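**Student:** My structure is below; once you've seen it, I'll send some questions.
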Amino acid sequence: MTGIADIAPDRGDLLAHMRAVGIEADALRKSDISIDYAAFCALLHNCAVAWDMPDIGLRMAGLQGLDLLGPVALVVRMERTFRSAMNAICENLIIHSNAILAVLEETPGTDTATVVLDIRSDIPDSRENTELILAQANVVIDAIAEMDVPLVEVAFRHAKGASAPAVSKFFGCPVRYGAERNALSFDRDILDLAVQRSDHAFHTLIQRYLMTSKAEVASNFVDEARREVSRQMELGTCTLENVARGLKISTRSMQRQLRTNNTTFGDLVDEWRQDRALSLVLNTRLPLSEVSGALGYSEQSVFTKAFRRWYGIAPLRYRTDSDKLIAVR
């Protein structure tokens, strides 16, 4: 919520919009209050429309700093390099928000590193919120590096909108819309920068605090497993063994706990693919062969069969029919 009151044309109007989506006024002055993520996305969208402010997310991010992460920002004090600090933030982000997934990706053979960001599939998102999240990631990257890190590219899954000029100005790099994922890319050499504020005297204390906080937030094992599956799918490393390792339990224990909750590892992977497939087919113009690869399928025919099972129609037909419907409207 930091910054929204500063850009609101009228505080009373902001409070009215907050009440309309069920967010209490205290959220403006108490940083430790938890608010419903879907309600926050609705608030951003409603305010953007009412105030004719399509770049509301960017304006908010411009008033924020590393402390926007709350206690998660502490990890920067216990890491020696930019790389380890970013990975630690991604790993502990659930303490700040259980709706956002972040992954630092290093692709072998390239000169760039990428921070991939996504929202849980069961939460309604908005363009304004997605732009806020990527702008916040840019703020965090600059804060850790203690410099303005030049970006190579910014990618959004949503289509180009009225905020495009402001987006281009904010990030200062090429912007790609209708992409397969939301991401920020920058020079890979940045990852080796030393963290100047690292303080290992607090390492054990901070680590204990973060572990306790994660345990309290991620009390639902299925939600925690779902997040880890999403993270591993984004990295292209999703196997039963890797997910169990990420959850710090044995594969047998993981399978047993999932069965207790009437689901399986395969169900969670299928759930992730189903949601991502619909988004990539509808919101991008990527060839279906690339969509298939992004979902982790070795053959396009396997993806087509799965899409038919989920939605009762082939992906190409689904995309074509949707385009025709939009044209008629």
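Labels used: A, B, ... for chains in the order of the structure tokens, numbers from 1 for residues in each chain, and numbers from 1 for ligands as shown.
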DSSP on the backbone, helix (DSSP H, G or I) only: what residues of stretch 62-154 of chain A does that give? Format it as a PyMOL selection string.

**Tutor:** chain A and resi 66-78+82-95+127-145

**Student:** Determine, counting only C-alpha atoms, which protein, DNA and RNA residues have an atom within 9 Å of an atom of A:Val222; residues of the same chain fewer than 3 positions away are not included. Present the result as JSON, numbers by chain.

**Tutor:** {"A": [219, 225, 226, 227, 257, 258, 261, 263, 268]}

**Student:** Closest to A:Tyr318 among A:Leu235, A:Val302, A:Ala8, A:Val281, using only C-alpha atoms?

**Tutor:**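 Among A:Leu235, A:Val302, A:Ala8, A:Val281, it is A:Val281 that comes nearest to A:Tyr318.
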
**Student:** Do a neighbour search on stretch 126-137 of chain A at 10 Å with only C-alpha atoms, toss out local chain neighbours closer than 6 positions, and write the hits as a ChimeraX atom specification.

**Tutor:** /A:37-38,40-48,53-66,68-69,100,102,115-119,143,154-161,163,167,170-171,182-184

**Student:** Would you mind listing what lies within 12 Å of A:Asp270 as an MDAnalysis selection string, with only C-alpha atoms counted and same-chain residues fewer than 3 positions away left out?

**Tutor:** chainID A and resid 226 229:230 233 238 263:267 273:277 295:297 303 306:307 309:310

**Student:** Find the residues near A:His96: any atom within 12 Å, counting only C-alpha atoms, skip ones fewer than 5 places away on the same chain, and give them as a list in words.

**Tutor:** Ser31, Asp32, Ile33, Ser34, Ile35, Tyr37, Asp67, Leu68, Leu69, Gly70, Pro71, Val72, Ala73, Leu74, Ile89, Cys90, Glu91, Leu101, Ala102, Leu210, Ser213, Lys214, Glu216, Val217 and Ala218 of chain A

**Student:** Output as a PyMOL selection string all residues of stretch 97-148 of chain A that backbone DSSP marks as strand (DSSP E or B).

**Tutor:** chain A and resi 100-106+112-119

**Student:** Write a file of the just-selected residues containing all heavy atoms, as a tab-separated table (two decimals), in the first residue's frame.

**Tutor:**
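Just written: selection-v7.tsv:
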chain	number	residue	atom	x	y	z
A	100	ILE	N	2.68	-14.13	-4.52
A	100	ILE	CA	3.68	-13.85	-5.55
A	100	ILE	C	4.75	-14.92	-5.59
A	100	ILE	O	5.26	-15.33	-4.55
A	100	ILE	CB	4.34	-12.48	-5.30
A	100	ILE	CG1	3.30	-11.38	-5.20
A	100	ILE	CG2	5.33	-12.14	-6.43
A	100	ILE	CD1	3.88	-10.03	-4.80
A	101	LEU	N	5.09	-15.34	-6.78
A	101	LEU	CA	6.18	-16.29	-7.00
A	101	LEU	C	7.29	-15.57	-7.74
A	101	LEU	O	7.05	-14.91	-8.75
A	101	LEU	CB	5.70	-17.48	-7.83
A	101	LEU	CG	6.79	-18.44	-8.30
A	101	LEU	CD1	7.30	-19.28	-7.14
A	101	LEU	CD2	6.27	-19.35	-9.41
A	102	ALA	N	8.52	-15.66	-7.24
A	102	ALA	CA	9.68	-15.03	-7.89
A	102	ALA	C	10.80	-16.06	-8.04
A	102	ALA	O	11.05	-16.85	-7.14
A	102	ALA	CB	10.17	-13.84	-7.08
A	103	VAL	N	11.45	-16.04	-9.20
A	103	VAL	CA	12.54	-16.97	-9.48
A	103	VAL	C	13.66	-16.21	-10.18
A	103	VAL	O	13.41	-15.44	-11.12
A	103	VAL	CB	12.07	-18.12	-10.40
A	103	VAL	CG1	13.25	-19.02	-10.78
A	103	VAL	CG2	11.00	-18.95	-9.72
A	104	LEU	N	14.90	-16.40	-9.73
A	104	LEU	CA	16.06	-15.86	-10.43
A	104	LEU	C	16.57	-16.93	-11.37
A	104	LEU	O	16.91	-18.03	-10.95
A	104	LEU	CB	17.16	-15.47	-9.44
A	104	LEU	CG	18.49	-15.01	-10.05
A	104	LEU	CD1	18.28	-13.73	-10.87
A	104	LEU	CD2	19.54	-14.80	-8.98
A	105	GLU	N	16.63	-16.61	-12.64
A	105	GLU	CA	16.99	-17.59	-13.66
A	105	GLU	C	18.28	-17.19	-14.36
A	105	GLU	O	18.43	-16.07	-14.82
A	105	GLU	CB	15.85	-17.69	-14.68
A	105	GLU	CG	16.02	-18.72	-15.75
A	105	GLU	CD	14.83	-18.75	-16.69
A	105	GLU	OE1	13.84	-19.43	-16.39
A	105	GLU	OE2	14.89	-18.05	-17.75
A	106	GLU	N	19.21	-18.13	-14.42
A	106	GLU	CA	20.45	-17.93	-15.16
A	106	GLU	C	20.51	-18.98	-16.26
A	106	GLU	O	20.62	-20.17	-15.99
A	106	GLU	CB	21.67	-18.09	-14.24
A	106	GLU	CG	21.75	-17.08	-13.13
A	106	GLU	CD	22.99	-17.28	-12.28
A	106	GLU	OE1	24.11	-17.15	-12.83
A	106	GLU	OE2	22.84	-17.58	-11.07
A	112	THR	N	22.76	-12.76	-19.95
A	112	THR	CA	21.73	-12.11	-19.14
A	112	THR	C	21.22	-13.03	-18.03
A	112	THR	O	21.30	-14.24	-18.11
A	112	THR	CB	20.53	-11.68	-20.00
A	112	THR	OG1	19.96	-12.84	-20.63
A	112	THR	CG2	20.94	-10.68	-21.06
A	113	ALA	N	20.73	-12.39	-16.99
A	113	ALA	CA	20.03	-13.08	-15.91
A	113	ALA	C	18.60	-12.53	-15.90
A	113	ALA	O	18.36	-11.40	-16.33
A	113	ALA	CB	20.71	-12.82	-14.57
A	114	THR	N	17.66	-13.32	-15.42
A	114	THR	CA	16.25	-12.92	-15.47
A	114	THR	C	15.56	-13.20	-14.15
A	114	THR	O	15.73	-14.27	-13.57
A	114	THR	CB	15.52	-13.69	-16.60
A	114	THR	OG1	16.16	-13.42	-17.85
A	114	THR	CG2	14.06	-13.27	-16.68
A	115	VAL	N	14.79	-12.22	-13.69
A	115	VAL	CA	13.90	-12.43	-12.56
A	115	VAL	C	12.50	-12.64	-13.12
A	115	VAL	O	11.96	-11.75	-13.78
A	115	VAL	CB	13.91	-11.23	-11.59
A	115	VAL	CG1	12.87	-11.44	-10.48
A	115	VAL	CG2	15.29	-11.04	-10.98
A	116	VAL	N	11.96	-13.83	-12.89
A	116	VAL	CA	10.62	-14.17	-13.38
A	116	VAL	C	9.63	-14.01	-12.23
A	116	VAL	O	9.88	-14.49	-11.12
A	116	VAL	CB	10.58	-15.62	-13.90
A	116	VAL	CG1	9.21	-15.96	-14.46
A	116	VAL	CG2	11.66	-15.85	-14.96
A	117	LEU	N	8.52	-13.34	-12.48
A	117	LEU	CA	7.52	-13.09	-11.44
A	117	LEU	C	6.14	-13.54	-11.92
A	117	LEU	O	5.78	-13.34	-13.08
A	117	LEU	CB	7.48	-11.61	-11.08
A	117	LEU	CG	8.77	-11.09	-10.47
A	117	LEU	CD1	9.31	-9.91	-11.25
A	117	LEU	CD2	8.55	-10.69	-9.01
A	118	ASP	N	5.39	-14.13	-11.00
A	118	ASP	CA	4.05	-14.57	-11.36
A	118	ASP	C	3.14	-14.49	-10.14
A	118	ASP	O	3.60	-14.36	-9.01
A	118	ASP	CB	4.07	-15.99	-11.91
A	118	ASP	CG	3.00	-16.19	-12.96
A	118	ASP	OD1	2.07	-15.37	-13.05
A	118	ASP	OD2	3.08	-17.17	-13.73
A	119	ILE	N	1.84	-14.60	-10.40
A	119	ILE	CA	0.82	-14.56	-9.36
A	119	ILE	C	0.17	-15.93	-9.27
A	119	ILE	O	0.01	-16.62	-10.28
A	119	ILE	CB	-0.27	-13.52	-9.67
A	119	ILE	CG1	0.37	-12.16	-9.94
A	119	ILE	CG2	-1.27	-13.42	-8.53
A	119	ILE	CD1	1.09	-11.58	-8.77

**Student:** Which residues are close to stretch 185-192 of chain A, i.e. within 6 Å by only C-alpha atoms, leaving aside same-chain residues fewer than 2 positions away? Reply as a PyMOL selection string.

**Tutor:** chain A and resi 81-83+111-114+151-153

**Student:** If you keep N, CA, C and O atoms, can you produce a file of those selected residues as a PDB file, in the first residue's frame?

**Tutor:**
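Dumped to result.pdb:
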ATOM      1  N   THR A  81      26.704 -11.762  -1.887  1.00  0.00           N
ATOM      2  CA  THR A  81      26.644 -11.330  -3.280  1.00  0.00           C
ATOM      3  C   THR A  81      25.214 -11.004  -3.690  1.00  0.00           C
ATOM      4  O   THR A  81      24.247 -11.420  -3.041  1.00  0.00           O
ATOM      5  N   PHE A  82      25.105 -10.270  -4.775  1.00  0.00           N
ATOM      6  CA  PHE A  82      23.800  -9.939  -5.344  1.00  0.00           C
ATOM      7  C   PHE A  82      23.042 -11.222  -5.660  1.00  0.00           C
ATOM      8  O   PHE A  82      21.846 -11.325  -5.396  1.00  0.00           O
ATOM      9  N   ARG A  83      23.731 -12.203  -6.233  1.00  0.00           N
ATOM     10  CA  ARG A  83      23.095 -13.470  -6.611  1.00  0.00           C
ATOM     11  C   ARG A  83      22.452 -14.156  -5.405  1.00  0.00           C
ATOM     12  O   ARG A  83      21.274 -14.527  -5.425  1.00  0.00           O
ATOM     13  N   ASP A 111      24.346 -13.959 -21.757  1.00  0.00           N
ATOM     14  CA  ASP A 111      24.973 -12.899 -20.961  1.00  0.00           C
ATOM     15  C   ASP A 111      23.981 -12.222 -20.029  1.00  0.00           C
ATOM     16  O   ASP A 111      24.310 -11.218 -19.395  1.00  0.00           O
ATOM     17  N   THR A 112      22.756 -12.755 -19.947  1.00  0.00           N
ATOM     18  CA  THR A 112      21.733 -12.110 -19.139  1.00  0.00           C
ATOM     19  C   THR A 112      21.223 -13.026 -18.026  1.00  0.00           C
ATOM     20  O   THR A 112      21.301 -14.243 -18.113  1.00  0.00           O
ATOM     21  N   ALA A 113      20.732 -12.392 -16.986  1.00  0.00           N
ATOM     22  CA  ALA A 113      20.028 -13.076 -15.912  1.00  0.00           C
ATOM     23  C   ALA A 113      18.600 -12.530 -15.901  1.00  0.00           C
ATOM     24  O   ALA A 113      18.364 -11.399 -16.333  1.00  0.00           O
ATOM     25  N   THR A 114      17.660 -13.315 -15.417  1.00  0.00           N
ATOM     26  CA  THR A 114      16.255 -12.925 -15.469  1.00  0.00           C
ATOM     27  C   THR A 114      15.557 -13.201 -14.152  1.00  0.00           C
ATOM     28  O   THR A 114      15.729 -14.271 -13.568  1.00  0.00           O
ATOM     29  N   LEU A 151      18.511  -2.374 -17.449  1.00  0.00           N
ATOM     30  CA  LEU A 151      17.762  -3.571 -17.822  1.00  0.00           C
ATOM     31  C   LEU A 151      17.927  -3.849 -19.304  1.00  0.00           C
ATOM     32  O   LEU A 151      17.998  -2.929 -20.129  1.00  0.00           O
ATOM     33  N   VAL A 152      17.977  -5.117 -19.641  1.00  0.00           N
ATOM     34  CA  VAL A 152      18.083  -5.534 -21.040  1.00  0.00           C
ATOM     35  C   VAL A 152      16.702  -5.600 -21.672  1.00  0.00           C
ATOM     36  O   VAL A 152      16.492  -5.189 -22.809  1.00  0.00           O
ATOM     37  N   GLU A 153      15.718  -6.093 -20.898  1.00  0.00           N
ATOM     38  CA  GLU A 153      14.344  -6.212 -21.400  1.00  0.00           C
ATOM     39  C   GLU A 153      13.386  -6.398 -20.239  1.00  0.00           C
ATOM     40  O   GLU A 153      13.740  -6.948 -19.200  1.00  0.00           O
TER      41      GLU A 153
END

**Student:** Counting only C-alpha atoms, which of A:Pro315, A:Val75, A:Arg256, A:Gly22 gets nearest to A:Arg208?

**Tutor:**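 With only C-alpha atoms as the atom set, the closest residue is A:Val75.
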